[in-house]
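Pasting query.txt here (compact mmCIF, C-alpha atoms):
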```txt
# COMPACT_ATOMS: atom_id res chain seq x y z
CA MET A 1 0.00 0.00 0.00
CA LYS A 2 1.35 3.39 -1.02
CA VAL A 3 0.30 6.28 1.22
CA VAL A 4 0.98 9.93 0.44
CA VAL A 5 0.71 12.52 3.19
CA ILE A 6 0.37 16.06 1.85
CA GLY A 7 1.71 18.66 4.28
CA GLY A 8 4.67 18.57 6.64
CA GLY A 9 3.11 20.11 9.71
CA ALA A 10 2.03 18.66 13.04
CA ALA A 11 -1.01 16.77 11.70
CA GLY A 12 0.87 15.44 8.68
CA PHE A 13 3.79 14.11 10.70
CA PHE A 14 1.53 12.55 13.31
CA GLY A 15 -0.58 10.89 10.66
CA ALA A 16 2.43 9.60 8.70
CA ILE A 17 4.14 8.24 11.82
CA THR A 18 0.99 6.55 13.11
CA CYS A 19 0.28 4.93 9.75
CA ALA A 20 3.84 3.65 9.33
CA GLN A 21 3.89 2.26 12.87
CA LEU A 22 0.65 0.33 12.39
CA ASN A 23 1.52 -0.91 8.92
CA PRO A 24 5.30 -1.40 8.49
CA LYS A 25 4.69 -2.75 4.97
CA ALA A 26 3.06 0.48 3.82
CA GLN A 27 5.14 2.92 1.80
CA VAL A 28 4.50 6.27 3.46
CA LEU A 29 5.66 9.37 1.60
CA LEU A 30 5.26 12.83 3.17
CA LEU A 31 5.31 15.78 0.77
CA GLU A 32 5.90 19.37 1.92
CA LYS A 33 5.41 22.22 -0.55
CA SER A 34 7.93 24.56 1.10
CA ASN A 35 11.49 23.84 2.09
CA LYS A 36 10.67 23.91 5.81
CA LEU A 37 9.15 21.16 7.90
CA LEU A 38 7.03 21.77 11.00
CA SER A 39 7.35 25.54 10.63
CA LYS A 40 4.32 26.30 12.82
CA VAL A 41 5.64 24.02 15.55
CA ARG A 42 8.88 25.99 15.49
CA VAL A 43 7.27 29.39 16.16
CA SER A 44 4.47 28.25 18.47
CA GLY A 45 4.48 29.60 22.00
CA GLY A 46 7.29 32.02 21.28
CA GLY A 47 9.55 29.18 20.19
CA ARG A 48 8.61 26.92 23.11
CA CYS A 49 5.78 24.98 21.39
CA ASN A 50 2.50 24.88 23.27
CA VAL A 51 1.96 21.14 22.66
CA THR A 52 -1.43 20.74 24.34
CA ASN A 53 -3.46 21.74 27.39
CA SER A 54 -3.65 20.01 30.77
CA CYS A 55 -7.43 19.64 30.55
CA PHE A 56 -7.82 15.86 30.34
CA THR A 57 -11.61 15.54 30.12
CA PRO A 58 -12.68 15.26 26.44
CA SER A 59 -16.10 16.84 26.97
CA VAL A 60 -14.53 19.87 28.66
CA PHE A 61 -11.55 20.03 26.30
CA SER A 62 -13.84 20.15 23.25
CA GLN A 63 -15.56 23.30 24.57
CA ASN A 64 -12.50 25.30 23.51
CA TYR A 65 -13.29 25.00 19.80
CA PRO A 66 -15.52 27.62 18.18
CA ARG A 67 -15.75 25.29 15.16
CA GLY A 68 -15.72 21.50 15.44
CA ALA A 69 -16.46 21.11 19.16
CA ARG A 70 -19.18 18.48 18.81
CA GLN A 71 -17.20 16.30 16.40
CA LEU A 72 -13.96 16.59 18.36
CA LYS A 73 -15.59 15.55 21.62
CA GLU A 74 -15.73 11.95 20.39
CA ALA A 75 -12.34 12.21 18.68
CA PHE A 76 -10.65 13.21 21.94
CA LYS A 77 -11.96 10.01 23.52
CA GLN A 78 -9.85 8.12 20.98
CA PHE A 79 -6.76 10.27 21.36
CA GLY A 80 -6.79 13.30 23.63
CA ALA A 81 -4.44 15.38 25.71
CA ALA A 82 -3.54 12.54 28.08
CA GLU A 83 -2.60 10.31 25.14
CA THR A 84 -0.53 13.12 23.62
CA VAL A 85 1.45 13.57 26.84
CA ALA A 86 2.03 9.82 27.05
CA TRP A 87 3.04 9.61 23.37
CA PHE A 88 5.77 12.22 23.72
CA GLU A 89 6.96 10.96 27.11
CA ALA A 90 7.30 7.43 25.70
CA ARG A 91 9.76 8.96 23.23
CA GLY A 92 11.79 10.80 25.85
CA VAL A 93 10.04 14.18 25.70
CA ARG A 94 8.54 15.23 29.02
CA LEU A 95 5.92 17.94 29.11
CA LYS A 96 5.08 20.38 31.91
CA ALA A 97 1.87 22.25 32.67
CA GLU A 98 1.85 25.96 33.48
CA ALA A 99 -0.66 27.74 35.69
CA ASP A 100 -2.97 28.57 32.78
CA GLY A 101 -3.07 24.95 31.59
CA ARG A 102 -0.72 25.29 28.63
CA MET A 103 1.75 22.43 28.30
CA PHE A 104 5.29 22.80 26.97
CA PRO A 105 8.32 20.51 26.73
CA VAL A 106 10.43 20.81 29.90
CA THR A 107 13.25 22.08 27.67
CA ASP A 108 11.12 25.14 26.76
CA SER A 109 12.24 24.62 23.16
CA SER A 110 10.12 23.75 20.14
CA GLU A 111 13.20 22.10 18.64
CA THR A 112 12.69 19.28 21.15
CA ILE A 113 9.29 18.51 19.62
CA ILE A 114 10.56 18.91 16.07
CA GLU A 115 13.50 16.58 16.62
CA CYS A 116 11.25 14.01 18.29
CA LEU A 117 8.87 13.96 15.30
CA LEU A 118 11.70 13.84 12.75
CA GLN A 119 13.47 11.03 14.58
CA GLU A 120 10.27 9.02 14.93
CA ALA A 121 9.43 9.51 11.26
CA ARG A 122 12.87 8.25 10.28
CA ARG A 123 12.63 5.34 12.70
CA VAL A 124 9.38 4.03 11.26
CA GLY A 125 10.48 4.56 7.67
CA VAL A 126 8.49 7.61 6.54
CA GLN A 127 10.00 9.09 3.38
CA ILE A 128 10.06 12.89 3.38
CA ARG A 129 10.31 15.26 0.43
CA THR A 130 10.36 19.05 0.63
CA GLY A 131 9.80 21.47 -2.24
CA ALA A 132 7.09 19.16 -3.55
CA GLY A 133 3.61 20.64 -3.67
CA VAL A 134 0.51 18.84 -4.92
CA GLU A 135 -1.51 20.77 -7.48
CA ARG A 136 -4.16 18.22 -8.37
CA ILE A 137 -5.62 14.97 -7.05
CA THR A 138 -7.51 12.77 -9.48
CA PRO A 139 -9.28 9.57 -8.41
CA LYS A 140 -8.28 6.67 -10.68
CA ALA A 141 -11.34 6.02 -12.79
CA ASP A 142 -10.18 2.73 -14.30
CA THR A 143 -9.68 0.83 -11.04
CA GLY A 144 -12.14 2.63 -8.81
CA THR A 145 -9.51 2.87 -6.08
CA GLY A 146 -6.39 4.93 -5.70
CA PHE A 147 -5.39 8.39 -6.85
CA VAL A 148 -3.10 10.23 -9.23
CA LEU A 149 -1.26 13.22 -7.79
CA GLU A 150 0.19 15.96 -10.00
CA LEU A 151 3.08 17.84 -8.39
CA ASN A 152 4.35 21.34 -9.01
CA THR A 153 7.58 19.71 -10.18
CA GLY A 154 5.76 18.22 -13.16
CA GLU A 155 5.86 14.72 -11.69
CA THR A 156 2.94 12.34 -11.36
CA ILE A 157 2.63 10.07 -8.34
CA MET A 158 0.24 7.20 -7.72
CA ALA A 159 -1.22 6.58 -4.26
CA ASP A 160 -3.60 4.06 -2.73
CA LYS A 161 -4.42 6.35 0.18
CA ILE A 162 -3.96 10.10 0.69
CA LEU A 163 -3.91 12.17 3.84
CA VAL A 164 -4.39 15.90 3.23
CA SER A 165 -2.90 17.92 6.09
CA THR A 166 -1.96 21.16 4.38
CA GLY A 167 -3.13 23.48 7.16
CA GLY A 168 -5.36 26.50 6.90
CA HIS A 169 -5.24 28.94 4.00
CA PRO A 170 -5.86 32.67 4.37
CA LYS A 171 -7.20 32.85 0.80
CA SER A 172 -10.19 30.92 -0.46
CA SER A 173 -8.32 30.06 -3.66
CA GLY A 174 -5.93 27.96 -1.56
CA TYR A 175 -8.70 25.34 -1.38
CA ASP A 176 -9.53 25.24 -5.10
CA TRP A 177 -7.68 21.94 -5.61
CA LEU A 178 -9.94 20.36 -2.97
CA ARG A 179 -13.07 21.99 -4.38
CA ALA A 180 -12.17 20.26 -7.65
CA LEU A 181 -12.79 16.97 -5.83
CA GLY A 182 -16.30 18.10 -4.95
CA HIS A 183 -15.56 18.86 -1.31
CA PRO A 184 -17.52 21.88 -0.03
CA ILE A 185 -15.26 24.48 1.60
CA GLU A 186 -16.29 26.78 4.41
CA GLU A 187 -14.88 30.16 3.42
CA PRO A 188 -11.68 30.93 5.35
CA VAL A 189 -11.52 33.98 7.58
CA PRO A 190 -8.88 34.88 10.19
CA SER A 191 -9.10 33.64 13.75
CA LEU A 192 -6.84 34.54 16.71
CA PHE A 193 -6.09 38.20 16.12
CA THR A 194 -5.71 41.33 18.20
CA PHE A 195 -7.93 44.41 18.09
CA ASN A 196 -6.71 47.61 16.46
CA VAL A 197 -8.02 50.72 18.21
CA PRO A 198 -6.28 53.61 16.44
CA ASP A 199 -8.05 56.28 18.48
CA SER A 200 -7.59 54.55 21.84
CA ALA A 201 -7.10 56.93 24.74
CA LEU A 202 -4.95 54.23 26.37
CA LYS A 203 -2.43 53.48 23.61
CA GLU A 204 0.27 55.43 25.46
CA LEU A 205 0.03 52.70 28.12
CA GLN A 206 1.47 50.01 25.85
CA GLY A 207 2.81 47.11 27.88
CA VAL A 208 0.36 47.59 30.75
CA ALA A 209 -1.50 44.37 31.53
CA VAL A 210 -4.26 43.27 33.88
CA PRO A 211 -4.63 39.62 34.97
CA LYS A 212 -8.38 39.55 34.48
CA ALA A 213 -10.67 41.73 32.41
CA LYS A 214 -13.89 41.05 30.54
CA VAL A 215 -14.18 42.14 26.92
CA ARG A 216 -17.69 42.31 25.49
CA ILE A 217 -18.90 43.27 22.03
CA ALA A 218 -21.61 45.93 22.05
CA GLY A 219 -24.93 44.65 20.70
CA GLN A 220 -23.78 41.00 20.80
CA LYS A 221 -23.69 38.17 23.31
CA LEU A 222 -19.98 37.68 22.65
CA GLU A 223 -17.71 38.18 25.65
CA TYR A 224 -14.58 36.66 27.14
CA GLU A 225 -12.77 37.05 30.42
CA GLY A 226 -9.02 36.71 30.93
CA PRO A 227 -5.67 38.53 30.92
CA LEU A 228 -5.65 41.71 28.82
CA LEU A 229 -2.68 43.57 27.37
CA ILE A 230 -2.65 47.16 26.15
CA THR A 231 -0.53 47.60 23.01
CA HIS A 232 0.51 50.56 20.90
CA TRP A 233 -2.09 49.52 18.31
CA GLY A 234 -4.93 48.57 20.66
CA TYR A 235 -5.55 45.44 22.73
CA SER A 236 -4.18 41.91 22.91
CA GLY A 237 -3.81 39.14 25.47
CA PRO A 238 -5.82 35.93 25.94
CA ALA A 239 -9.14 37.72 26.53
CA VAL A 240 -8.96 39.38 23.12
CA LEU A 241 -7.41 36.48 21.22
CA LYS A 242 -9.98 33.98 22.48
CA LEU A 243 -12.82 36.38 21.81
CA SER A 244 -11.52 36.85 18.26
CA ALA A 245 -11.80 33.10 17.69
CA TRP A 246 -15.39 32.89 18.91
CA GLY A 247 -16.39 35.93 16.87
CA ALA A 248 -14.24 35.20 13.79
CA ARG A 249 -17.06 35.16 11.25
CA LEU A 250 -19.05 37.97 12.85
CA PHE A 251 -16.02 40.27 12.98
CA HIS A 252 -15.17 39.45 9.36
CA ASP A 253 -18.71 40.24 8.26
CA GLN A 254 -18.54 43.56 10.14
CA GLY A 255 -15.29 44.51 8.43
CA TYR A 256 -13.49 44.37 11.78
CA THR A 257 -15.27 47.55 12.82
CA PHE A 258 -17.24 47.34 16.07
CA THR A 259 -17.38 48.63 19.65
CA ALA A 260 -15.65 46.67 22.39
CA LEU A 261 -16.67 47.25 26.01
CA ILE A 262 -13.96 46.55 28.58
CA ASN A 263 -14.72 45.72 32.20
CA TRP A 264 -11.41 46.13 34.04
CA ILE A 265 -12.73 44.60 37.28
CA PRO A 266 -15.24 41.89 36.29
CA GLU A 267 -15.36 40.45 39.80
CA TYR A 268 -17.59 43.38 40.79
CA THR A 269 -21.15 44.05 39.71
CA GLU A 270 -21.93 47.67 38.93
CA GLU A 271 -23.76 47.96 42.27
CA GLY A 272 -20.83 46.37 44.11
CA LEU A 273 -18.42 48.72 42.35
CA ARG A 274 -20.40 51.77 43.44
CA GLU A 275 -20.45 50.51 47.03
CA GLN A 276 -16.68 50.03 47.01
CA LEU A 277 -16.11 53.55 45.69
CA GLN A 278 -18.46 55.01 48.29
CA GLN A 279 -16.74 53.12 51.12
CA TYR A 280 -13.33 54.30 49.96
CA ARG A 281 -14.60 57.87 49.69
CA GLN A 282 -15.83 57.76 53.28
CA ALA A 283 -12.66 56.14 54.59
CA HIS A 284 -10.19 58.33 52.65
CA PRO A 285 -11.91 61.65 51.87
CA LYS A 286 -8.65 63.63 51.61
CA LYS A 287 -6.83 61.29 49.27
CA ILE A 288 -6.40 62.40 45.66
CA VAL A 289 -8.46 60.22 43.32
CA SER A 290 -6.02 60.03 40.39
CA THR A 291 -2.93 59.06 42.39
CA ASN A 292 -4.41 56.31 44.56
CA PRO A 293 -5.37 53.34 42.36
CA LEU A 294 -8.03 50.95 43.56
CA PHE A 295 -8.88 47.30 42.85
CA GLY A 296 -5.25 46.39 42.24
CA LEU A 297 -5.18 48.19 38.91
CA PRO A 298 -1.81 49.50 37.63
CA GLN A 299 -1.16 53.14 38.55
CA ARG A 300 -0.87 54.30 34.92
CA LEU A 301 -4.11 52.60 33.93
CA TRP A 302 -6.01 53.97 36.93
CA LYS A 303 -4.85 57.51 36.20
CA ALA A 304 -5.83 57.17 32.53
CA LEU A 305 -9.28 55.96 33.54
CA THR A 306 -9.74 58.96 35.86
CA ILE A 307 -8.84 61.20 32.93
CA LEU A 308 -11.49 59.46 30.83
CA ALA A 309 -13.91 60.16 33.69
CA GLU A 310 -12.92 63.84 33.39
CA ILE A 311 -11.72 63.99 36.98
CA PRO A 312 -9.33 66.96 37.49
CA GLU A 313 -5.85 65.80 38.53
CA GLN A 314 -5.85 67.18 42.10
CA THR A 315 -9.44 66.25 42.96
CA ARG A 316 -9.87 64.61 46.37
CA TRP A 317 -12.44 61.93 47.03
CA SER A 318 -14.48 64.28 49.20
CA GLU A 319 -14.65 66.74 46.28
CA LEU A 320 -15.66 64.23 43.59
CA PRO A 321 -19.00 65.20 41.96
CA GLY A 322 -21.61 62.53 41.35
CA LYS A 323 -21.43 62.92 37.55
CA ASN A 324 -17.70 62.14 37.59
CA THR A 325 -18.30 59.14 39.85
CA ASN A 326 -20.76 57.87 37.25
CA LYS A 327 -18.18 58.38 34.49
CA LEU A 328 -15.55 56.54 36.53
CA VAL A 329 -17.94 53.62 36.99
CA GLU A 330 -18.54 53.66 33.24
CA ALA A 331 -14.81 53.67 32.48
CA LEU A 332 -14.13 50.84 34.91
CA HIS A 333 -17.14 48.67 34.13
CA ARG A 334 -17.87 49.10 30.41
CA GLY A 335 -15.43 51.51 28.84
CA PRO A 336 -16.18 51.69 25.09
CA PHE A 337 -13.38 51.44 22.52
CA GLU A 338 -13.89 51.63 18.77
CA VAL A 339 -12.18 48.72 17.04
CA LYS A 340 -11.12 49.44 13.47
CA GLY A 341 -9.15 46.54 12.11
CA LYS A 342 -7.11 43.59 13.35
CA THR A 343 -3.52 42.43 13.63
CA THR A 344 -2.50 38.79 13.16
CA PHE A 345 -1.19 37.24 16.35
CA LYS A 346 2.56 36.79 15.79
CA GLU A 347 3.31 34.07 13.22
CA GLU A 348 0.61 31.74 14.52
CA PHE A 349 -1.98 32.44 11.84
CA VAL A 350 -5.10 30.39 12.38
CA THR A 351 -8.05 30.27 10.01
CA CYS A 352 -11.70 29.67 10.64
CA GLY A 353 -12.93 27.65 7.67
CA GLY A 354 -11.72 24.82 5.46
CA VAL A 355 -13.03 21.42 4.42
CA GLY A 356 -16.63 21.13 5.62
CA LEU A 357 -17.08 18.51 8.36
CA PRO A 358 -20.38 16.98 7.13
CA GLN A 359 -18.49 15.38 4.20
CA VAL A 360 -15.84 13.87 6.51
CA ASN A 361 -16.32 10.81 8.71
CA MET A 362 -14.85 12.21 11.92
CA LYS A 363 -14.48 8.71 13.39
CA THR A 364 -11.89 7.90 10.73
CA MET A 365 -11.16 11.31 9.10
CA GLU A 366 -12.03 9.74 5.73
CA SER A 367 -13.82 11.63 2.98
CA ARG A 368 -17.44 10.60 2.51
CA LEU A 369 -17.08 11.49 -1.17
CA HIS A 370 -13.84 9.70 -2.04
CA PRO A 371 -12.90 6.51 -0.14
CA GLY A 372 -9.18 6.46 0.56
CA LEU A 373 -8.92 10.24 0.92
CA PHE A 374 -8.39 11.49 4.48
CA PHE A 375 -8.04 14.89 6.17
CA ALA A 376 -6.32 16.08 9.35
CA GLY A 377 -5.44 19.35 11.06
CA GLU A 378 -6.38 22.88 10.16
CA VAL A 379 -7.32 22.06 6.57
CA LEU A 380 -10.59 20.99 8.20
CA ASP A 381 -13.15 23.54 9.36
CA VAL A 382 -11.89 23.12 12.91
CA ASP A 383 -10.14 25.72 15.04
CA GLY A 384 -9.53 26.29 18.72
CA ILE A 385 -8.72 29.19 20.99
CA THR A 386 -5.19 29.77 22.27
CA GLY A 387 -3.76 27.45 24.88
CA GLY A 388 -2.58 24.37 23.00
CA PHE A 389 -5.97 23.50 21.52
CA ASN A 390 -5.10 23.87 17.85
CA PHE A 391 -2.09 21.57 18.20
CA GLN A 392 -4.18 19.01 20.07
CA ALA A 393 -6.67 18.99 17.19
CA ALA A 394 -3.73 18.33 14.87
CA TRP A 395 -2.36 15.46 16.97
CA THR A 396 -5.83 13.95 17.40
CA THR A 397 -7.03 14.13 13.80
CA GLY A 398 -3.59 13.09 12.54
CA PHE A 399 -3.56 10.07 14.83
CA ILE A 400 -7.09 9.00 13.87
CA ALA A 401 -6.43 9.43 10.14
CA GLY A 402 -3.07 7.64 10.38
CA SER A 403 -4.65 4.79 12.35
CA SER A 404 -7.51 4.44 9.86
CA ILE A 405 -5.12 4.34 6.91
CA GLY A 406 -2.67 2.01 8.66
CA ILE A 407 -5.25 -0.67 9.43
CA ALA A 408 -7.01 -0.36 6.07
CA LYS A 409 -6.74 -3.14 3.56
CA SER A 410 -5.67 -2.26 0.05
```
Go ahead and render the structure in this file as structure tokens.
Amino acid sequence: MKVVVIGGGAAGFFGAITCAQLNPKAQVLLLEKSNKLLSKVRVSGGGRCNVTNSCFTPSVFSQNYPRGARQLKEAFKQFGAAETVAWFEARGVRLKAEADGRMFPVTDSSETIIECLLQEARRVGVQIRTGAGVERITPKADTGTGFVLELNTGETIMADKILVSTGGHPKSSGYDWLRALGHPIEEPVPSLFTFNVPDSALKELQGVAVPKAKVRIAGQKLEYEGPLLITHWGYSGPAVLKLSAWGARLFHDQGYTFTALINWIPEYTEEGLREQLQQYRQAHPKKIVSTNPLFGLPQRLWKALTILAEIPEQTRWSELPGKNTNKLVEALHRGPFEVKGKTTFKEEFVTCGGVGLPQVNMKTMESRLHPGLFFAGEVLDVDGITGGFNFQAAWTTGFIAGSSIGIAKS
């Protein structure tokens, strides 16, 4: 049996390795269009590689996927985070969990993961070719099984089974070769991006972060709570990045122009916030409002929020008018910021969209339209929020596809 894996990323390598392990007689050839293997693994997590997340309950783990959650819930029962940790540790790569659940190799280097995958691929006999992109897949009409692959090098390759693991594409045209096979494609739009707020009154505070803020989209039910970072272009941090994933299609349809409401102290209700301010006012009437930050907020942020509330710099709490108190509550609890555009999060571009899941048997990752054709990774209409979830989807779908191909008879 000749198996061709298209795409040298996390899902492709995992699928190729799994297939070759299960079926040593299979000829497994991995093709990578570029000259770099596992490029996304290399840059992930700032070069540390966020392998997975320490959430080991499939039903809970699957809730971190704006697209594909229901289908992945069952997939994670076959091969989830616990199995991923065990897989790498069995090959000498120990992982560690950080406070937020993200898991990295103890070496804090993505090269550890890359070398592990390359070594394992060599060990089980996977052939690897770079600079070899596939431009067309044609099912063999004469035999009813197998495929003909046309490469950008002008070559033609025959395959009994194919695993497509080419990742997400920012442009819809990147999926045309799969559309030609009759597979419906969910239009790709960006996911995991930061918010550009060119007129932000806080952009001079770049680098200031709060451990927990709630970001809500005006007029929508979309909101997310988590660490928030002020940047020179607007806002970033997990709260924004995860919200961008959940609202990927909505934000695209709105042209990335909308109003974000930021609650800097989400642990307080508006009523509770007013009570806290009143208590502080009574206890410290002579203290200057702008120079005595409350709620653990950074000094620079607190002062900026008092400016937004139009509180004069030397105003004492005993002198604070009611209208300015109301404005301060507004700035703290639901400060509006006009988002006009997005910025891709580092090199870790993630797309919402890809091969539609109804035409894929998610128990095997095999096409329902073309037996012998399989999919894994971000080429599918599956994407997760930050925290190791996109890589876990790659390991899981790659493992299931590789297993299905490896045990198949041909």
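Rounded to one decimal, CA of Val164 in chain A and CA of Gly377 in chain A lie 8.6 Å from each other.
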| field | Test item: residues at most 9 Å from Gln63 in chain A, all atoms listed in the file, excluding those fewer than 5 positions along its chain, as a PyMOL selection string | value | chain A and resi 58+69-70+73+384
| task | Tell me which of A:Glu271, A:Lys2, A:Gly247, A:Cys116 sits closest to Ala90 in chain A, counting all atoms listed in the file. | result | A:Cys116
Enclose the full set of atoms of range 63-71 of chain A listed in the file within a box whose edges lie along x, y and z, apply 3 Å of padding to each of the six sides, and report centre and edge lengths in Å to one decimal as JSON.
```
{"center_x": -15.8, "center_y": 22.0, "center_z": 19.9, "size_x": 12.7, "size_y": 17.3, "size_z": 15.4}
```
| query | Separation of CA of Pro238 in chain A and CA of Gly387 in chain A, in Å? | reply | 8.8 Å
| task | Quick one: everything within 10 Å of Leu205 in chain A, counting all atoms listed in the file, minus sequence neighbours fewer than 3 positions away in the same chain. Send it as a ChimeraX atom specification. | result | /A:201-202,208-209,229-232,234,300-301,304
| said: So that I can check the surroundings of Val197 in chain A, please list as a PyMOL selection string every protein, DNA and RNA residue that reaches within 9 Å of it, counting all atoms listed in the file and ignoring chain neighbours fewer than 5 positions away. | reply: chain A and resi 203+232-235+337-342
| message | Given all atoms listed in the file as the basis, pick out the residue of A:Lys242, A:Ile407, A:Val106, A:Phe76 nearest to Glu89 in chain A. | response |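 Checking each candidate against Glu89 in chain A, we get A:Val106 as the closest.
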So that I can check the surroundings of Tyr175 in chain A, please list as a short mmCIF file (atom, residue, chain, number, x, y, z; two decimals) with C-alpha atoms, keeping the file's coordinate frame every protein, DNA and RNA residue that reaches within 12 Å of it, counting only C-alpha atoms and ignoring chain neighbours fewer than 2 positions away.
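Saved as around.cif:
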```
data_model
loop_
_atom_site.label_atom_id
_atom_site.label_comp_id
_atom_site.auth_asym_id
_atom_site.auth_seq_id
_atom_site.Cartn_x
_atom_site.Cartn_y
_atom_site.Cartn_z
CA VAL A 134 0.51 18.84 -4.92
CA GLU A 135 -1.51 20.77 -7.48
CA ARG A 136 -4.16 18.22 -8.37
CA VAL A 164 -4.39 15.90 3.23
CA THR A 166 -1.96 21.16 4.38
CA GLY A 167 -3.13 23.48 7.16
CA GLY A 168 -5.36 26.50 6.90
CA HIS A 169 -5.24 28.94 4.00
CA PRO A 170 -5.86 32.67 4.37
CA LYS A 171 -7.20 32.85 0.80
CA SER A 172 -10.19 30.92 -0.46
CA SER A 173 -8.32 30.06 -3.66
CA TRP A 177 -7.68 21.94 -5.61
CA LEU A 178 -9.94 20.36 -2.97
CA ARG A 179 -13.07 21.99 -4.38
CA ALA A 180 -12.17 20.26 -7.65
CA LEU A 181 -12.79 16.97 -5.83
CA GLY A 182 -16.30 18.10 -4.95
CA HIS A 183 -15.56 18.86 -1.31
CA PRO A 184 -17.52 21.88 -0.03
CA ILE A 185 -15.26 24.48 1.60
CA GLU A 186 -16.29 26.78 4.41
CA GLU A 187 -14.88 30.16 3.42
CA PRO A 188 -11.68 30.93 5.35
CA GLY A 353 -12.93 27.65 7.67
CA GLY A 354 -11.72 24.82 5.46
CA VAL A 355 -13.03 21.42 4.42
CA GLY A 356 -16.63 21.13 5.62
CA VAL A 379 -7.32 22.06 6.57
CA LEU A 380 -10.59 20.99 8.20
CA ASP A 381 -13.15 23.54 9.36
#
```
Could you give me, as CSV, a per-residue list for range 146-237 of chain A showing, wherever an atom lies at most 12 Å from an atom of range 332-335 of chain A, the closest pair of atoms and their distance in Å to one decimal, using all atoms listed in the file and sorting by chain then residue number from low to high?
```
residue,atom,partner,partner_atom,distance
A:Ser200,CA,A:Gly335,CA,10.9
A:Ala201,CA,A:Gly335,CA,10.8
A:Leu202,CA,A:Gly335,CA,11.1
A:Ala213,CA,A:His333,CA,9.6
A:Lys214,CA,A:Arg334,CA,9.0
A:Val215,CA,A:Arg334,CA,8.6
A:Arg216,CA,A:Arg334,CA,8.4
A:Ile217,CA,A:Arg334,CA,10.3
A:Ala218,CA,A:Arg334,CA,9.7
A:Glu223,CA,A:Arg334,CA,11.9
```
| request: Rounded to one decimal place, report the CA of Gln220 in chain A-CA of Thr269 in chain A distance in Å. | output: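 Taking CA of Gln220 in chain A and CA of Thr269 in chain A, their separation equals 19.3 Å.
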| Of the candidates A:Phe104, A:Trp302, A:Phe375, A:Phe251, which shows the shortest atom-to-atom distance to Gly7 in chain A, using all atoms listed in the file? |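 When distances to Gly7 in chain A are compared using all atoms listed in the file, the smallest one comes from A:Phe375.
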Selection as a PDB file with C-alpha atoms, keeping the file's coordinate frame: residues within 12 Å of (-10.8, 59.7, 42.2), counting only C-alpha atoms:
```
ATOM      1  CA  LEU A 277     -16.110  53.550  45.690  1.00  0.00           C
ATOM      2  CA  GLN A 278     -18.460  55.010  48.290  1.00  0.00           C
ATOM      3  CA  TYR A 280     -13.330  54.300  49.960  1.00  0.00           C
ATOM      4  CA  ARG A 281     -14.600  57.870  49.690  1.00  0.00           C
ATOM      5  CA  HIS A 284     -10.190  58.330  52.650  1.00  0.00           C
ATOM      6  CA  PRO A 285     -11.910  61.650  51.870  1.00  0.00           C
ATOM      7  CA  LYS A 286      -8.650  63.630  51.610  1.00  0.00           C
ATOM      8  CA  LYS A 287      -6.830  61.290  49.270  1.00  0.00           C
ATOM      9  CA  ILE A 288      -6.400  62.400  45.660  1.00  0.00           C
ATOM     10  CA  VAL A 289      -8.460  60.220  43.320  1.00  0.00           C
ATOM     11  CA  SER A 290      -6.020  60.030  40.390  1.00  0.00           C
ATOM     12  CA  THR A 291      -2.930  59.060  42.390  1.00  0.00           C
ATOM     13  CA  ASN A 292      -4.410  56.310  44.560  1.00  0.00           C
ATOM     14  CA  PRO A 293      -5.370  53.340  42.360  1.00  0.00           C
ATOM     15  CA  LEU A 294      -8.030  50.950  43.560  1.00  0.00           C
ATOM     16  CA  TRP A 302      -6.010  53.970  36.930  1.00  0.00           C
ATOM     17  CA  LYS A 303      -4.850  57.510  36.200  1.00  0.00           C
ATOM     18  CA  ALA A 304      -5.830  57.170  32.530  1.00  0.00           C
ATOM     19  CA  LEU A 305      -9.280  55.960  33.540  1.00  0.00           C
ATOM     20  CA  THR A 306      -9.740  58.960  35.860  1.00  0.00           C
ATOM     21  CA  ILE A 307      -8.840  61.200  32.930  1.00  0.00           C
ATOM     22  CA  LEU A 308     -11.490  59.460  30.830  1.00  0.00           C
ATOM     23  CA  ALA A 309     -13.910  60.160  33.690  1.00  0.00           C
ATOM     24  CA  GLU A 310     -12.920  63.840  33.390  1.00  0.00           C
ATOM     25  CA  ILE A 311     -11.720  63.990  36.980  1.00  0.00           C
ATOM     26  CA  PRO A 312      -9.330  66.960  37.490  1.00  0.00           C
ATOM     27  CA  GLU A 313      -5.850  65.800  38.530  1.00  0.00           C
ATOM     28  CA  GLN A 314      -5.850  67.180  42.100  1.00  0.00           C
ATOM     29  CA  THR A 315      -9.440  66.250  42.960  1.00  0.00           C
ATOM     30  CA  ARG A 316      -9.870  64.610  46.370  1.00  0.00           C
ATOM     31  CA  TRP A 317     -12.440  61.930  47.030  1.00  0.00           C
ATOM     32  CA  SER A 318     -14.480  64.280  49.200  1.00  0.00           C
ATOM     33  CA  GLU A 319     -14.650  66.740  46.280  1.00  0.00           C
ATOM     34  CA  LEU A 320     -15.660  64.230  43.590  1.00  0.00           C
ATOM     35  CA  PRO A 321     -19.000  65.200  41.960  1.00  0.00           C
ATOM     36  CA  GLY A 322     -21.610  62.530  41.350  1.00  0.00           C
ATOM     37  CA  ASN A 324     -17.700  62.140  37.590  1.00  0.00           C
ATOM     38  CA  THR A 325     -18.300  59.140  39.850  1.00  0.00           C
ATOM     39  CA  ASN A 326     -20.760  57.870  37.250  1.00  0.00           C
ATOM     40  CA  LYS A 327     -18.180  58.380  34.490  1.00  0.00           C
ATOM     41  CA  LEU A 328     -15.550  56.540  36.530  1.00  0.00           C
ATOM     42  CA  VAL A 329     -17.940  53.620  36.990  1.00  0.00           C
ATOM     43  CA  LEU A 332     -14.130  50.840  34.910  1.00  0.00           C
TER      44      LEU A 332
END
```
